[in-house]
Amino acid sequence: MIKPLIVIRRVPKIDFMRWHLFGFAFSIILGLVSIGLFAAIGLNLGIDFKGGLLIEAKTQGPADLSTMRSKIDDLHLGDASLQNFGAPDEVLIRLPEQAGGDKAQESAITAVKQALGPGIDYRRQEVVGPSVGSELIRAGTLATALALAAILVYIWFRFEWQFGVGATIATLHDTITTIGLFAIFRLEFNLTTLAAILTIAGYSINDTVVIYDRLREAMRKYRTMPFRELINLALNETLSRTILTVSTVALAVLSLLLFGGEVLKGFSIAMLWGIVIGTYSSLFIAAPIIYYIQPNRRAIAREPTSGEGEGGRSSSRPAGGTPRAGG
Amino acid sequence: MLYFANWKILLICGVCALGVLFSLPNLFAPAQLAWLPSQIPHKPVNLGLDLRGGSYLLLEVDIAAAQTEQLNSAIDNVRDALRDAKIGYTGLNVENNAIVFTIRDQDRIDDAKNALAKIDQTLTVDIGSDGAGKMQFNAVATEQRRQQAIDQSIEIIRRRIDPNGTAEVTIQRQGSDRILVEIPGIDNPEHIKALLGKTAKLTFQLVDQSMSPDEAKRGRMPIGDEVLQAQTDRPDQPTQYLVKRRVMVGGDMLTDAQVDLQNPSGPAVRFRFDSAGGRRFGDATRENVGKPFAIVLDNKVISAPVIREPIPGGEGIITGNFTAQSASDLALLLRAGALPAPITILEERTVGPDLGADSIHAGAFASVVGVTLVAVFMILFYGLFGVFADIALFFNLCLMLGILSLLPNTALTLPGIAGIALTMGMAVDANVLIYERIREEMRSGRTMLSSLEAGFRRAFGTILDSHVTTFVAAVLLYVLGSGPVRGFAVTLGLGVLTSLFSAILVTRLQIVSWLRRWKPKEIPL
């Protein structure tokens with residue numbers, strides 16, 4: 001029989017609540033800095049959102065960026081940006097939207113290809129008009145807002161409204177700080193990043209729900225325990241799960257970041273950050289908030305518990321009886 | 001909880017087996033697939049354009065231009081109707097989606113209304129007491145024409161980019177006036193875009209030789225004339241022509257057009273009119289022998305040959321400054337027909353086949369590494385139960401691939417691969433929740449079996465909550481997202497569903513079978 005090599009045998013007794021004010025302060029600062037950065041310097045929007053041209057080229061041998069740049073600058077197509085993309089022989093060329101409709105975009109791409117000369121493999125080219133860009137921003141923002149709203153409505157149905165408030169704040173916190181991360185490091189913000197942010201929101205709520213589930217269960221079980229201790233208990237009891245799940249998801253995302261190629265890089269970075277900040281916010285924001293807006297414990301204690309414990313319908317079958325797998 | 005009815009066991013095993021069966025084709029190269037016995041499913045996952053290479057084009061049909069065009073053609077009828085009724089008018093023109101004019105004699109406004117109402121029932125006639133008139137298509141007709149323009153555009157685009165109907169081209173309507181075109185595996189998107197960029201409206205118009213185009217432009221434009229630019233700048237040919245607006249014959253009457261590379265004066269396009277067009281062309285050439293006529297494509301004059309003799313057979317040839325490519329393109333455009341309205345390209349994303357292949361490799365490699373790491377991790381922390389979770393994970397992966405292979409109109413994109421890797425990480429979360437719960441129940445002094453039972457039962461609510469939240473996010477991403485993001489939403493949402501099945505049912509079935517077979521005294525957790 002294969003035994004686990006690593007086992008967390010005892011439930012830890014960490015006093016999470018002792019640190020929650022630090023957590024609040026840290027998060028408020030982080031959130032304000034993120035909002036400030038977003039307002040002051042904005043995001044490094046990719047062409048998905050601001051429109052423009054993008055060409056990915058593969059040169060024979062390491063690319064000579066400065067020569068390529070001067071060749072493209074000679075075309076006077078506006079503020080061109082060139083950068084290596086993953087490998088020394090791969091170059092990403094970005095150009096602003098050209099005035100004069102789709103024919104102008106077309107001729108700009110042709111002009112760039114001609115200027116750079118033969119021997120270059122064009123691996124990818126994208127042209128996004130400004131009207132599409134602003135529509136994509138609108139749809140993306142709408143998707144994020146609606147998803148958050150839908151998830152919170154679900155939590156509100158399943159739990160008391162206080163939990164809904166806590167989950168909203170924690171998730172908003174994760175979303176805002178992820179945007180802050182993209183603002184400060186000038187990472188390209190595109191459609192895939194937006195998908196990452198929605199996934200982060202889903203993951204963060206996921207994490208929070210697991211802890212809230214446990215908190216509510218503890219509220220039913222220990223009706224006289226001080227609330228502070230209840231929260232600590234719920235966090236400690238779920239801690240090993242939290243660590244294990246963060247680890248498995250982080251392993252998956254890390255391998256995407258390391259081996260998934262340049263195109264997925266922004267997505268992976270956002271996800272990795274989101275996993276870390278989502279876990280942190282569940283522990284130090286979502287749970288402690290409930291301390292300040294305590295749900296009615298008597299009401300929770302009275303609630304019927306679905307499929308839960310001794311009163312449940314499944315207890316009609318004798319627990320501990322011989323298991324049968326049929327057949 | 002620790003009991004499975006026979007039919008349930010069969011069902012679970014059956015679903016897993018189907019998952020394996022339908023995901024199998026993805027392991028083989030297309031050539032190998034051909035060797036598989038025909039009983040085995042052959043369809044691998046449909047790859048998105050970012051993985052197989054190809055072009056994604058979002059087009060917008062300029063409906064307003066189509067309407068202006070239709071009003072322009074109605075304006076001749078308005079002129080004729082007013083002339084026949086002998087009603088004086090000024091300023092007849094098309095402005096802001098309406099035909100505007102002013103009736104000179106205010107006593108005759110009612111007569112004008114009657115005369116104009118007969119032209120077209122879908123045109124509303126509105127003349128004020130000061131004689132200012134306005135004619136517009138009514139709302140129903142406008143909408144109908146919009147639909148027609150889009151449907152027709154889709155049809156013509158298909159004929160242009162897929163003339164033989166053999167390529168796997170997707171052309172879909174999107175929103176009220178947009179068309180989405182997806183062309184896999186092309187290496188020259190510029191050519192496709194050039195084909196789409198032309199309206200390809202071909203007309204034959206007589207050249208007016210009474211004055212030069214310059215004179216006409218200086219202000220003495222003869223009524224019913226217009227000045228058109230030449231398509232190519234050549235020193236031996238005029239750069240602009242004064243032509244009659246009246247169209248002798250239009251490209252809509254063509255039945256065929258073929259490229260002719262043997263023509264002594266360079267590549268040319270041979271065309272044939274239908275019988276009505278042939279008759280009109282014959283009549284027009286007979287009446288105008290010795291005069292030049294302009295062959296006009298999209299308001300540019302290709303050439304203006306002199307009619308040497310009547311051309312009765314309904315066949316002709318267009319020469320101009322063609323290359324072999326541009327002649328065969330023109331022939332293709334003429335065969336496909338003119339677009340009812342100009343098209344602009346709003347968005348273009350082209351991925352070369354090399355990059356696509358690289359992305360598949362990178363994505364697949366990252367997924368394999370990720371899944372392997374997660375699997376090892378689970379065994380380290382949960383021993384035998386970790387193995388159970390890994391087996392469930394394997395079936396989860398098969399189910400996802402199998403369902404993706406089966407689903408029509410669903411393509412796996414690079415973000416989609418990321419979604420798979422991500423759900424693999426998240427899928428074991430359900431197992432982690434269950435196992436942790438079982439441990440807890442054991443710590444609290446329950447017996448082995450009741451710990452197992454309670455672990456599964458109590459973790460279920462939490463698992464359901466967490467899966468529903470992720471699923472909601474995936475659904476909204478799918479509904480509101482576009483292109484590659486949709487691919488991500490599909491795999492994420494699908495992964496949530498399959499992991500609910502695999503992590504709970506498949507794992508539980510394994511544990512129950514293990515209990516029955518080995519009758520262990522304790523749980524290795």
# chains A, B, ... in the order shown; residues from 1 in each chain; ligands from 1
call {"tool": "residues_around", "arguments": {"residues": "stretch 239-243 of chain A", "least_positions_apart": "4", "cutoff": "7 Å", "atoms": "only C-alpha atoms", "output": "PyMOL selection string"}}
result
(chain A and resi 235+247) or (chain B and resi 432-433+436)
call {"tool": "residues_around", "arguments": {"residues": "B:Ala132", "least_positions_apart": "6", "cutoff": "7 Å", "atoms": "only C-alpha atoms", "output": "VMD selection string"}}
result
chain B and resid 101 to 103
call {"tool": "write_last_selection", "arguments": {"atoms": "C-alpha atoms", "output": "PDB file, in the first residue's frame"}}
result
ATOM      1  CA  PHE B 101     -35.501  67.856 -54.601  1.00  0.00           C
ATOM      2  CA  THR B 102     -37.587  71.018 -54.756  1.00  0.00           C
ATOM      3  CA  ILE B 103     -40.789  71.349 -56.799  1.00  0.00           C
TER       4      ILE B 103
END
call {"tool": "atom_distance", "arguments": {"atom1": "atom CA of B:Ala375", "atom2": "atom CA of A:Ala252"}}
result
10.5 Å
call {"tool": "closest_residue", "arguments": {"among": "B:Glu440, B:Leu334, B:Ser499, B:Leu373", "to": "A:Val11", "atoms": "only C-alpha atoms"}}
result
B:Glu440
call {"tool": "closest_atom_pairs", "arguments": {"of": "chain B", "to": "chain A", "cutoff": "6 Å", "atoms": "only C-alpha atoms", "output": "CSV"}}
result
residue,atom,partner,partner_atom,distance
B:Leu2,CA,A:Pro323,CA,5.8
B:Tyr3,CA,A:Ala325,CA,5.2
B:Phe4,CA,A:Ala325,CA,5.1
B:Ala5,CA,A:Gly326,CA,5.7
B:Asn6,CA,A:Gly326,CA,5.5
B:Ile345,CA,A:Asp102,CA,5.8
B:Leu346,CA,A:Gly129,CA,5.1
B:Glu347,CA,A:Val128,CA,4.4
B:Glu348,CA,A:Val127,CA,4.8
B:Arg349,CA,A:Glu126,CA,4.2
B:Thr350,CA,A:Gln125,CA,5.1
B:Val351,CA,A:Arg124,CA,4.3
B:Gly352,CA,A:Arg123,CA,4.6
B:Leu355,CA,A:Arg123,CA,5.6
B:Ala362,CA,A:Gly260,CA,4.8
B:Gly363,CA,A:Gly260,CA,4.9
B:Ala366,CA,A:Phe259,CA,5.0
B:Gly370,CA,A:Ala252,CA,4.3
B:Val374,CA,A:Thr248,CA,5.4
B:Leu380,CA,A:Leu5,CA,5.2
B:Phe381,CA,A:Pro4,CA,5.0
B:Tyr382,CA,A:Pro4,CA,4.6
B:Gly383,CA,A:Pro4,CA,3.8
B:Leu384,CA,A:Ile2,CA,4.8
B:Ala421,CA,A:Ala252,CA,5.9
B:Gly425,CA,A:Val249,CA,4.3
B:Met426,CA,A:Val249,CA,5.9
B:Asp429,CA,A:Thr245,CA,5.5
B:Leu449,CA,A:Gly320,CA,5.1
B:Ser450,CA,A:Gly320,CA,5.1
B:Thr462,CA,A:Val210,CA,5.9
B:Ser466,CA,A:Asn206,CA,4.6
B:Thr469,CA,A:Ile151,CA,5.5
B:Thr470,CA,A:Gly202,CA,5.0
B:Ala473,CA,A:Ala147,CA,5.3
B:Leu476,CA,A:Ala143,CA,5.9
B:Leu480,CA,A:Ala143,CA,5.8
B:Pro524,CA,A:Lys3,CA,5.5
call {"tool": "residues_around", "arguments": {"residues": "B:Ala85", "least_positions_apart": "4", "cutoff": "10 Å", "atoms": "only C-alpha atoms", "output": "list in words"}}
result
Asp80, Ala81, Arg108, Asp111, Ala112, Asn114, Ala115 and Leu116 of chain B
call {"tool": "residues_around", "arguments": {"residues": "stretch 121-123 of chain B", "least_positions_apart": "6", "cutoff": "12 Å", "atoms": "only C-alpha atoms", "output": "list of chain:residue names"}}
result
B:Gln67, B:Gln70, B:Leu71, B:Ala74, B:Ile75, B:Asn77, B:Val78, B:Asn97, B:Ala98, B:Ile99, B:Lys113, B:Asn114, B:Ala115, B:Lys134, B:Met135, B:Gln136, B:Phe137, B:Asn138, B:Ala139, B:Val140, B:Ala141, B:Thr142, B:Glu143, B:Gln144, B:Arg145
call {"tool": "atom_distance", "arguments": {"atom1": "atom CA of B:Lys86", "atom2": "atom CA of B:Asp225"}}
result
22.6 Å
call {"tool": "atom_distance", "arguments": {"atom1": "atom CA of B:Leu297", "atom2": "atom CA of B:Thr285"}}
result
19.1 Å
call {"tool": "select_by_dssp", "arguments": {"residues": "stretch 100-313 of chain A", "states": "strand (DSSP E or B)", "output": "list in words"}}
result
Asp121, Tyr122, Arg123, Arg124, Gln125, Glu126, Val127, Val128, Glu188 and Phe189 of chain A
call {"tool": "select_by_dssp", "arguments": {"residues": "stretch 310-457 of chain B", "states": "alpha helix (DSSP H)", "output": "VMD selection string"}}
result
chain B and resid 324 to 336 353 to 406 414 to 443 448 to 457
call {"tool": "residues_around", "arguments": {"residues": "stretch 78-85 of chain A", "least_positions_apart": "6", "cutoff": "9 Å", "atoms": "only C-alpha atoms", "output": "number ranges by chain"}}
result
A: 56, 63, 65-66, 68-69, 72, 91-98, 262-263
